[in-house]
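Chemist: Below is the file run_14.txt, with compact mmCIF, C-alpha atoms.
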# COMPACT_ATOMS: atom_id res chain seq x y z
CA MET A 1 142.59 90.42 132.02
CA LYS A 2 141.04 88.53 129.08
CA HIS A 3 138.48 87.06 131.48
CA MET A 4 137.57 90.58 132.64
CA SER A 5 137.16 91.86 129.07
CA ASN A 6 134.99 88.81 128.33
CA GLU A 7 132.85 89.64 131.35
CA SER A 8 132.47 93.30 130.32
CA GLY A 9 131.70 92.12 126.78
CA ARG A 10 128.94 89.86 128.08
CA PHE A 11 127.60 92.76 130.19
CA SER A 12 127.43 95.14 127.23
CA ASP A 13 125.84 92.32 125.16
CA LYS A 14 123.19 92.00 127.89
CA VAL A 15 122.49 95.75 127.95
CA ILE A 16 122.16 96.00 124.19
CA VAL A 17 120.00 92.86 123.82
CA THR A 18 117.71 94.01 126.67
CA ASN A 19 117.29 97.39 125.00
CA ILE A 20 116.34 95.80 121.67
CA LEU A 21 113.90 93.41 123.36
CA ASN A 22 112.34 96.42 125.16
CA GLY A 23 111.40 97.81 121.76
CA ASN A 24 114.45 99.95 120.97
CA ILE A 25 114.83 98.69 117.39
CA GLN A 26 117.47 101.30 116.51
CA ASP A 27 119.92 99.60 118.92
CA PHE A 28 119.99 96.65 116.51
CA ALA A 29 122.02 98.87 114.18
CA VAL A 30 124.77 98.89 116.85
CA VAL A 31 124.79 95.06 116.83
CA VAL A 32 125.06 95.08 113.02
CA THR A 33 127.93 97.57 113.04
CA GLN A 34 129.82 95.61 115.70
CA THR A 35 129.51 92.25 113.95
CA GLU A 36 129.41 92.99 110.20
CA LYS A 37 133.18 92.49 109.80
CA LEU A 38 133.02 88.98 111.25
CA VAL A 39 129.93 88.12 109.18
CA ALA A 40 131.72 89.44 106.07
CA GLN A 41 134.67 87.10 106.70
CA ILE A 42 132.31 84.14 106.68
CA VAL A 43 129.89 85.11 103.89
CA ARG A 44 132.47 86.58 101.50
CA LYS A 45 134.88 83.67 101.97
CA MET A 46 132.20 81.04 101.36
CA THR A 47 130.26 82.70 98.51
CA THR A 48 131.17 84.68 95.41
CA ASN A 49 127.92 86.11 93.99
CA ALA A 50 127.43 89.73 95.19
CA ASP A 51 123.60 89.64 94.91
CA ASP A 52 123.43 86.40 96.87
CA GLN A 53 125.72 87.91 99.50
CA LYS A 54 123.30 90.82 99.98
CA ASP A 55 120.35 88.42 100.37
CA LEU A 56 122.37 86.23 102.73
CA VAL A 57 123.34 89.16 104.96
CA GLN A 58 119.69 90.27 105.18
CA ASP A 59 118.59 86.70 105.99
CA ILE A 60 121.31 86.29 108.61
CA TYR A 61 120.50 89.48 110.50
CA LEU A 62 116.74 88.93 110.25
CA LYS A 63 117.25 85.49 111.85
CA VAL A 64 119.37 87.14 114.53
CA TYR A 65 116.61 89.70 115.20
CA GLN A 66 113.86 87.08 115.28
CA ASN A 67 115.82 84.73 117.57
CA LEU A 68 117.20 87.40 119.91
CA PRO A 69 114.67 86.50 122.68
CA SER A 70 116.13 82.96 122.75
CA PHE A 71 119.77 84.13 123.10
CA GLN A 72 120.92 82.91 126.53
CA PHE A 73 124.31 84.69 126.82
CA LYS A 74 126.16 81.34 127.03
CA SER A 75 128.56 82.67 124.39
CA LYS A 76 129.51 86.11 123.11
CA LEU A 77 126.79 87.76 121.01
CA SER A 78 129.26 88.04 118.10
CA THR A 79 130.01 84.28 118.27
CA TRP A 80 126.29 83.47 118.26
CA ILE A 81 125.74 85.75 115.25
CA ALA A 82 128.75 84.23 113.46
CA ASN A 83 127.25 80.78 114.09
CA ILE A 84 123.96 81.88 112.47
CA ALA A 85 125.95 83.38 109.57
CA TYR A 86 127.91 80.14 109.11
CA ASN A 87 124.81 77.88 109.26
CA THR A 88 122.84 80.12 106.87
CA THR A 89 125.74 80.21 104.39
CA VAL A 90 126.27 76.44 104.58
CA ARG A 91 122.54 75.90 103.87
CA TYR A 92 122.83 78.28 100.89
CA LEU A 93 125.83 76.29 99.56
CA GLN A 94 123.96 73.02 100.08
CA LYS A 95 120.98 74.40 98.14
CA LYS A 96 123.33 75.40 95.31
CA LYS A 97 125.00 71.96 95.59
CA ILE A 98 128.40 73.54 96.21
CA PRO A 99 130.62 71.25 98.35
CA ILE A 100 132.13 73.02 101.36
CA ILE A 101 135.19 70.76 101.58
CA GLY A 102 134.67 68.35 98.67
CA MET A 103 136.92 70.28 96.30
CA GLU A 104 139.96 69.27 98.34
CA GLU A 105 141.04 66.34 96.14
CA THR A 106 140.83 68.30 92.89
CA THR A 107 142.78 71.19 94.34
CA GLU A 108 145.48 68.92 95.66
CA SER A 109 145.75 66.84 92.53
CA LYS A 110 146.25 70.01 90.49
CA PHE A 111 149.50 70.67 92.31
CA ILE A 112 151.69 67.73 93.13
CA ALA A 113 154.30 69.25 95.40
CA THR A 114 157.81 68.06 94.71
CA GLU A 115 160.66 68.09 97.17
CA ASP A 116 162.27 70.86 95.10
CA ALA A 117 159.19 73.04 95.41
CA GLU A 118 159.57 72.64 99.15
CA PHE A 119 162.64 74.82 99.02
CA ASP A 120 161.11 77.62 97.01
CA THR A 121 160.67 80.72 99.07
CA ILE A 122 157.30 82.26 99.79
CA LYS A 123 157.65 85.99 99.48
CA THR A 124 155.91 87.87 102.28
CA GLU A 125 155.17 90.87 100.08
CA ALA A 126 153.15 88.71 97.67
CA VAL A 127 149.95 89.04 99.66
CA ASP A 128 147.89 89.21 96.47
CA ILE A 129 149.19 85.80 95.36
CA LEU A 130 148.36 84.42 98.78
CA THR A 131 144.87 85.95 98.62
CA LYS A 132 144.37 84.36 95.20
CA GLU A 133 145.54 80.98 96.48
CA ILE A 134 143.26 81.22 99.53
CA ASP A 135 140.36 81.91 97.15
CA GLN A 136 141.17 78.58 95.44
CA LEU A 137 140.65 76.66 98.69
CA PRO A 138 137.33 74.94 99.49
CA PRO A 139 134.83 77.31 101.21
CA LEU A 140 135.19 75.77 104.68
CA TYR A 141 139.01 75.89 104.61
CA LYS A 142 138.90 79.53 103.46
CA THR A 143 136.60 80.42 106.35
CA LEU A 144 138.66 78.55 108.96
CA ILE A 145 141.91 80.15 107.75
CA THR A 146 140.31 83.61 107.87
CA LEU A 147 138.76 83.17 111.31
CA TYR A 148 141.99 81.76 112.78
CA HIS A 149 144.63 83.95 111.15
CA LEU A 150 142.79 87.20 110.34
CA GLU A 151 140.18 87.41 113.07
CA GLU A 152 142.59 85.63 115.46
CA LEU A 153 139.77 83.64 117.05
CA PRO A 154 140.72 80.69 119.29
CA ASN A 155 139.81 77.16 118.14
CA LYS A 156 137.14 76.98 120.87
CA GLU A 157 135.29 79.99 119.43
CA ILE A 158 135.66 78.72 115.85
CA ALA A 159 134.18 75.41 117.07
CA GLU A 160 131.18 77.31 118.48
CA ILE A 161 130.71 79.14 115.19
CA THR A 162 131.01 76.11 112.90
CA ASN A 163 129.53 73.42 115.20
CA LEU A 164 132.61 71.28 114.48
CA PRO A 165 134.75 69.56 117.15
CA GLU A 166 137.96 71.42 118.02
CA GLY A 167 140.03 68.43 116.86
CA THR A 168 138.39 68.53 113.43
CA ILE A 169 139.05 72.26 113.14
CA LYS A 170 142.73 71.75 114.01
CA SER A 171 143.00 68.97 111.45
CA TYR A 172 141.25 71.03 108.71
CA LEU A 173 143.50 73.99 109.50
CA TYR A 174 146.64 71.81 109.16
CA ARG A 175 145.42 70.51 105.82
CA ALA A 176 144.44 73.97 104.60
CA ARG A 177 147.83 75.46 105.51
CA LYS A 178 149.63 72.54 103.85
CA MET A 179 147.56 72.94 100.67
CA LEU A 180 148.20 76.67 100.73
CA LYS A 181 151.95 76.25 101.20
CA ASP A 182 152.15 73.68 98.38
CA ASN A 183 150.03 75.82 96.05
CA VAL A 184 152.04 78.98 96.73
CA ASN A 185 155.30 77.05 96.23
CA HIS A 186 153.91 75.66 92.98
CA HIS A 187 152.95 79.17 91.91
CA TYR A 188 156.51 80.46 92.35
CA LYS A 189 158.01 77.34 90.77
CA ASN A 190 155.95 77.87 87.59
CA ARG A 191 156.85 81.54 87.23
CA MET B 192 167.02 61.81 113.30
CA THR B 193 167.70 64.08 110.31
CA ASN B 194 166.56 61.27 107.96
CA ASN B 195 163.28 61.09 109.82
CA HIS B 196 161.83 64.50 108.96
CA LEU B 197 159.15 66.30 110.94
CA THR B 198 155.61 66.14 109.57
CA ASP B 199 153.83 69.29 108.36
CA GLU B 200 151.41 68.89 111.26
CA THR B 201 154.24 68.86 113.82
CA LEU B 202 155.88 71.87 112.20
CA GLN B 203 152.65 73.88 112.19
CA ALA B 204 151.88 72.97 115.81
CA PHE B 205 155.42 74.03 116.79
CA LEU B 206 155.16 77.30 114.85
CA LEU B 207 151.77 78.20 116.33
CA LYS B 208 152.96 77.19 119.83
CA GLU B 209 150.28 74.51 120.05
CA SER B 210 153.02 72.09 121.18
CA GLN B 211 156.44 72.89 122.64
CA ASP B 212 158.30 69.60 122.27
CA ASP B 213 162.06 69.84 122.99
CA ALA B 214 162.70 66.99 120.54
CA VAL B 215 161.17 69.13 117.74
CA ALA B 216 163.43 72.08 118.62
CA ALA B 217 166.45 69.75 118.72
CA HIS B 218 165.57 68.26 115.32
CA LEU B 219 165.09 71.72 113.80
CA SER B 220 168.51 72.89 114.98
CA ALA B 221 170.08 69.90 113.23
CA CYS B 222 167.93 69.59 110.07
CA ALA B 223 168.16 72.32 107.42
CA GLU B 224 165.34 70.79 105.36
CA CYS B 225 162.80 70.97 108.18
CA ARG B 226 164.04 74.45 109.10
CA GLU B 227 163.38 75.58 105.54
CA LYS B 228 159.91 74.06 105.68
CA LEU B 229 159.23 75.86 108.97
CA GLU B 230 160.38 79.16 107.46
CA ASN B 231 157.93 78.61 104.58
CA TYR B 232 155.14 78.21 107.09
CA GLN B 233 156.34 81.26 109.01
CA ARG B 234 156.14 83.39 105.84
CA LEU B 235 152.75 81.92 105.02
CA VAL B 236 151.30 82.77 108.45
CA ALA B 237 152.84 86.26 108.38
CA GLY B 238 151.38 86.82 104.90
CA MET B 239 147.91 85.70 106.01
CA GLN B 240 147.97 88.16 108.91
CA LYS B 241 148.81 90.99 106.49
CA MET B 242 145.81 90.30 104.26
CA ALA B 243 143.07 92.95 104.11
CA PRO B 244 139.87 91.87 105.88
CA GLU B 245 136.82 91.23 103.73
CA SER B 246 134.06 93.83 103.50
CA PHE B 247 130.81 94.17 101.59
CA ALA B 248 130.29 96.50 98.63
CA PHE B 249 127.02 97.74 100.16
CA ASP B 250 126.13 99.47 103.44
CA VAL B 251 125.23 96.52 105.66
CA THR B 252 123.53 98.58 108.41
CA THR B 253 121.18 100.37 105.97
CA VAL B 254 120.27 97.17 104.13
CA VAL B 255 119.68 95.21 107.35
CA MET B 256 117.75 97.95 109.18
CA ASP B 257 115.45 98.39 106.15
CA LYS B 258 114.66 94.68 106.29
CA VAL B 259 114.16 94.67 110.08
CA VAL B 260 111.84 97.72 110.06
CA ARG B 261 109.85 96.17 107.18
CA TYR B 262 109.60 92.92 109.15
CA GLU B 263 108.39 94.79 112.27
CA ARG B 264 105.72 96.63 110.27
CA GLN B 265 104.58 93.38 108.65
CA LYS B 266 104.43 91.67 112.07
CA LYS B 267 102.38 94.53 113.50
CA ARG B 268 99.99 94.47 110.54
CA MET B 269 99.57 90.72 110.97
CA GLN B 270 98.89 91.11 114.71
CA GLU B 271 96.26 93.79 113.97
CA LEU B 272 94.67 91.55 111.35
CA VAL B 273 94.48 88.65 113.81
CA PHE B 274 93.06 90.95 116.53
CA TRP B 275 90.31 92.41 114.32
CA GLY B 276 89.55 89.01 112.83
CA LEU B 277 89.08 87.44 116.26
CA LEU B 278 87.02 90.43 117.44
CA SER B 279 84.73 90.16 114.37
CA ILE B 280 84.27 86.43 114.94
CA LEU B 281 83.44 87.10 118.62
CA ILE B 282 80.86 89.77 117.70
CA ILE B 283 79.26 87.47 115.09
CA VAL B 284 79.11 84.60 117.63
CA ILE B 285 77.54 86.90 120.28
CA ILE B 286 74.94 88.20 117.79
CA ALA B 287 74.17 84.66 116.62
CA PHE B 288 73.64 83.44 120.18
CA SER B 289 71.51 86.51 121.08
CA ILE B 290 68.99 86.06 118.22
CA PRO B 291 66.72 83.64 120.24
CA PHE B 292 66.67 86.17 123.11
CA LEU B 293 65.89 89.30 120.99
CA SER B 294 62.31 89.68 122.28
CA GLN B 295 63.48 89.50 125.93
CA ILE B 296 66.20 92.12 125.22
CA ARG B 297 63.66 94.41 123.55
CA ALA B 298 61.37 93.98 126.57
CA VAL B 299 64.12 95.34 128.85
CA PHE B 300 64.23 98.61 126.91
CA THR B 301 60.45 99.00 126.46
CA ALA B 302 59.70 98.25 130.12
CA ILE B 303 61.64 101.28 131.42
CA PRO B 304 60.85 104.98 130.87
CA VAL B 305 62.51 106.78 127.92
CA PHE B 306 64.45 109.14 130.22
CA THR B 307 66.02 106.22 132.19
CA MET B 308 66.90 104.47 128.94
CA LEU B 309 68.60 107.62 127.55
CA LEU B 310 70.53 107.96 130.85
CA ILE B 311 71.80 104.37 130.57
CA ILE B 312 72.78 104.82 126.91
CA GLY B 313 74.47 108.18 127.65
CA THR B 314 76.51 106.73 130.55
CA GLY B 315 77.55 103.82 128.36
CA LEU B 316 78.69 106.16 125.59
CA VAL B 317 80.73 108.31 128.01
CA VAL B 318 82.52 105.20 129.41
CA LEU B 319 83.21 104.00 125.86
CA LEU B 320 84.61 107.43 124.92
CA PHE B 321 86.96 107.39 127.95
CA LEU B 322 88.15 103.88 127.04
CA ILE B 323 88.89 104.93 123.43
CA VAL B 324 90.82 108.04 124.54
CA ASP B 325 92.86 105.98 127.05
CA LEU B 326 93.62 103.31 124.42
CA ASN B 327 94.74 105.98 121.95
CA THR B 328 97.01 107.66 124.54
CA GLN B 329 98.66 104.32 125.42
CA TYR B 330 99.16 103.47 121.74
CA LYS B 331 100.82 106.85 121.05
CA ARG B 332 103.13 106.49 124.09
CA LYS B 333 104.26 103.01 122.97
CA ALA B 334 104.79 104.12 119.38
CA GLU B 335 106.90 107.04 120.63
CA LYS B 336 109.06 104.67 122.73
CA ILE B 337 109.64 102.31 119.83
CA PHE B 338 110.26 104.71 116.99
CA GLN B 339 111.82 107.74 118.69
CA ASN B 340 114.41 105.82 120.78
CA LYS B 341 113.18 107.16 124.13
CA LEU B 342 114.23 104.09 126.18
CA GLN B 343 117.27 104.52 128.39
CA PRO B 344 119.71 101.57 128.74
CA ILE B 345 118.71 99.25 131.57
CA ARG B 346 121.51 98.98 134.17
Hey, can you dump this file as structure tokens for me?

Modeler:
Amino acid sequence: MKHMSNESGRFSDKVIVTNILNGNIQDFAVVVTQTEKLVAQIVRKMTTNADDQKDLVQDIYLKVYQNLPSFQFKSKLSTWIANIAYNTTVRYLQKKKIPIIGMEETTESKFIATEDAEFDTIKTEAVDILTKEIDQLPPLYKTLITLYHLEELPNKEIAEITNLPEGTIKSYLYRARKMLKDNVNHHYKNR
Amino acid sequence: MTNNHLTDETLQAFLLKESQDDAVAAHLSACAECREKLENYQRLVAGMQKMAPESFAFDVTTVVMDKVVRYERQKKRMQELVFWGLLSILIIVIIAFSIPFLSQIRAVFTAIPVFTMLLIIGTGLVVLLFLIVDLNTQYKRKAEKIFQNKLQPIR
């Protein structure tokens, strides 16, 4: 069933890309509408400045438009666009000298989880606390957590987006969840 | 076994069904500490799935389409500039190479009667006019296809 929906997805990708390449520029708006949520998960999780986000989104979609003739339908169009969004955002962070995973040590050292904290409960209704704690994570961890748990993308697709091996993604996700659990526990312990 | 607790990695893999080891399930049924840890992760994952997805404060489609249309116009202007530039260079080169042959060219026109010459010039002008009209029609048709969304999806 999933295979069939993938096939129909690829088919509609082909139709829409062919239309755009035939000069139907307005069809590009459909691509933007279909993928803006995924792009927002990446750009908004990795950057904080609203003006920069606007510039980044314009840059990302312009790159998509310019490179559309080279898209070979080896992946879903949304995955390809998410990959461009990820690479563009990483380059922006590199330019600004913002580490994408380098903040890990400082975040961990801030909260030394004790065995007692382990037993503190994490309240499911405290989504705002969780959101705040996710925002404290390094940009790459934030993005991986969002793509895996919110967008519910499989590791294979996340690997295509981030150009990282699946094993590395799994390992980063384990570390991110552990950091998040410890930080949330610490939050409740200090209340 | 209860003294040898499960690692966070093992617990997460078990929770997310990435591994289904019977030994892990057996340990969890006997170890309250690891069970508690697993429940923490369960709440964490459930909480993450409840979070509101991110969105932008601006209309992405409008912002992007503005940029794309501007880019297309700029590209077209650049292509026109290159076309007219190359055409001008070609005309200058042709004129430069024809200068030594000017007297021979003039001789062609003076050797024939005025009526014949006017006939040749008139025919040339009519052909040129037809070419310009055809070029203009094609340009308008293409512009209509691009900007008025007349293309049907290709199946």

Chemist: Find the residue from B:Leu219, B:Ile290, B:Ala248, B:Val259 that sits nearest to Ala29 in chain A; use all atoms listed in the file when measuring.

Modeler: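 Between B:Leu219, B:Ile290, B:Ala248, B:Val259, the residue approaching Ala29 in chain A most closely is B:Val259.
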
Chemist: Could you list, as a ChimeraX atom specification, the residues of chain B having an atom within 10 Å of chain A when counting only C-alpha atoms?

Modeler: /B:199-204,224-225,227-228,230-260,262-263,333-334,336-346

Chemist: With C-alpha atoms retained, could you export that selection as an mmCIF file, in the coordinates of the input?

Modeler:
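Ended up saving to result-v4.cif:
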data_model
loop_
_atom_site.group_PDB
_atom_site.id
_atom_site.type_symbol
_atom_site.label_atom_id
_atom_site.label_comp_id
_atom_site.auth_asym_id
_atom_site.auth_seq_id
_atom_site.Cartn_x
_atom_site.Cartn_y
_atom_site.Cartn_z
ATOM 1 C CA ASP B 199 153.830 69.290 108.360
ATOM 2 C CA GLU B 200 151.410 68.890 111.260
ATOM 3 C CA THR B 201 154.240 68.860 113.820
ATOM 4 C CA LEU B 202 155.880 71.870 112.200
ATOM 5 C CA GLN B 203 152.650 73.880 112.190
ATOM 6 C CA ALA B 204 151.880 72.970 115.810
ATOM 7 C CA GLU B 224 165.340 70.790 105.360
ATOM 8 C CA CYS B 225 162.800 70.970 108.180
ATOM 9 C CA GLU B 227 163.380 75.580 105.540
ATOM 10 C CA LYS B 228 159.910 74.060 105.680
ATOM 11 C CA GLU B 230 160.380 79.160 107.460
ATOM 12 C CA ASN B 231 157.930 78.610 104.580
ATOM 13 C CA TYR B 232 155.140 78.210 107.090
ATOM 14 C CA GLN B 233 156.340 81.260 109.010
ATOM 15 C CA ARG B 234 156.140 83.390 105.840
ATOM 16 C CA LEU B 235 152.750 81.920 105.020
ATOM 17 C CA VAL B 236 151.300 82.770 108.450
ATOM 18 C CA ALA B 237 152.840 86.260 108.380
ATOM 19 C CA GLY B 238 151.380 86.820 104.900
ATOM 20 C CA MET B 239 147.910 85.700 106.010
ATOM 21 C CA GLN B 240 147.970 88.160 108.910
ATOM 22 C CA LYS B 241 148.810 90.990 106.490
ATOM 23 C CA MET B 242 145.810 90.300 104.260
ATOM 24 C CA ALA B 243 143.070 92.950 104.110
ATOM 25 C CA PRO B 244 139.870 91.870 105.880
ATOM 26 C CA GLU B 245 136.820 91.230 103.730
ATOM 27 C CA SER B 246 134.060 93.830 103.500
ATOM 28 C CA PHE B 247 130.810 94.170 101.590
ATOM 29 C CA ALA B 248 130.290 96.500 98.630
ATOM 30 C CA PHE B 249 127.020 97.740 100.160
ATOM 31 C CA ASP B 250 126.130 99.470 103.440
ATOM 32 C CA VAL B 251 125.230 96.520 105.660
ATOM 33 C CA THR B 252 123.530 98.580 108.410
ATOM 34 C CA THR B 253 121.180 100.370 105.970
ATOM 35 C CA VAL B 254 120.270 97.170 104.130
ATOM 36 C CA VAL B 255 119.680 95.210 107.350
ATOM 37 C CA MET B 256 117.750 97.950 109.180
ATOM 38 C CA ASP B 257 115.450 98.390 106.150
ATOM 39 C CA LYS B 258 114.660 94.680 106.290
ATOM 40 C CA VAL B 259 114.160 94.670 110.080
ATOM 41 C CA VAL B 260 111.840 97.720 110.060
ATOM 42 C CA TYR B 262 109.600 92.920 109.150
ATOM 43 C CA GLU B 263 108.390 94.790 112.270
ATOM 44 C CA LYS B 333 104.260 103.010 122.970
ATOM 45 C CA ALA B 334 104.790 104.120 119.380
ATOM 46 C CA LYS B 336 109.060 104.670 122.730
ATOM 47 C CA ILE B 337 109.640 102.310 119.830
ATOM 48 C CA PHE B 338 110.260 104.710 116.990
ATOM 49 C CA GLN B 339 111.820 107.740 118.690
ATOM 50 C CA ASN B 340 114.410 105.820 120.780
ATOM 51 C CA LYS B 341 113.180 107.160 124.130
ATOM 52 C CA LEU B 342 114.230 104.090 126.180
ATOM 53 C CA GLN B 343 117.270 104.520 128.390
ATOM 54 C CA PRO B 344 119.710 101.570 128.740
ATOM 55 C CA ILE B 345 118.710 99.250 131.570
ATOM 56 C CA ARG B 346 121.510 98.980 134.170
#

Chemist: Could the centre and edge lengths of an axis-aligned box, enclosing all atoms of range 276-282 of chain B in the file with 6 Å extra on each side, be given in Å to one decimal as JSON?

Modeler:
{"center_x": 85.2, "center_y": 88.4, "center_z": 115.7, "size_x": 20.7, "size_y": 16.0, "size_z": 17.8}

Chemist: Counting only C-alpha atoms, what is within 6 Å of range 78-84 of chain A, bar same-chain residues fewer than 4 positions away, as a count of residues only?

Modeler: 4

Chemist: Give me, please, the distance in Å between CA of Met308 in chain B and CA of Ser294 in chain B, quoted to one decimal.

Modeler: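 These atoms are spaced 16.9 Å apart.
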
Chemist: Can you measure CA of Leu316 in chain B to CA of Pro291 in chain B for me? One decimal in Å is fine.

Modeler: 26.1 Å

Chemist: Calculate how many Å separate CA of Leu207 in chain B from CA of Lys189 in chain A, rounding to one decimal.

Modeler: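 Interatomic distance, CA of Leu207 in chain B to CA of Lys189 in chain A: 26.3 Å.
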
Chemist: Can you tell me, as a VMD selection string, which residues sit within 9 Å of (119.9, 86.1, 127.6) in the file's frame, using only C-alpha atoms?

Modeler: chain A and resid 13 to 14 17 to 18 68 to 74

Chemist: Which residues, written as a PyMOL selection string, have at least one atom at most 12 Å from Val90 in chain A, with only C-alpha atoms counted and residues fewer than 2 positions away on the same chain left out?

Modeler: chain A and resi 42-43+45-47+56+60+83-88+92-101+139-140+143+161-163
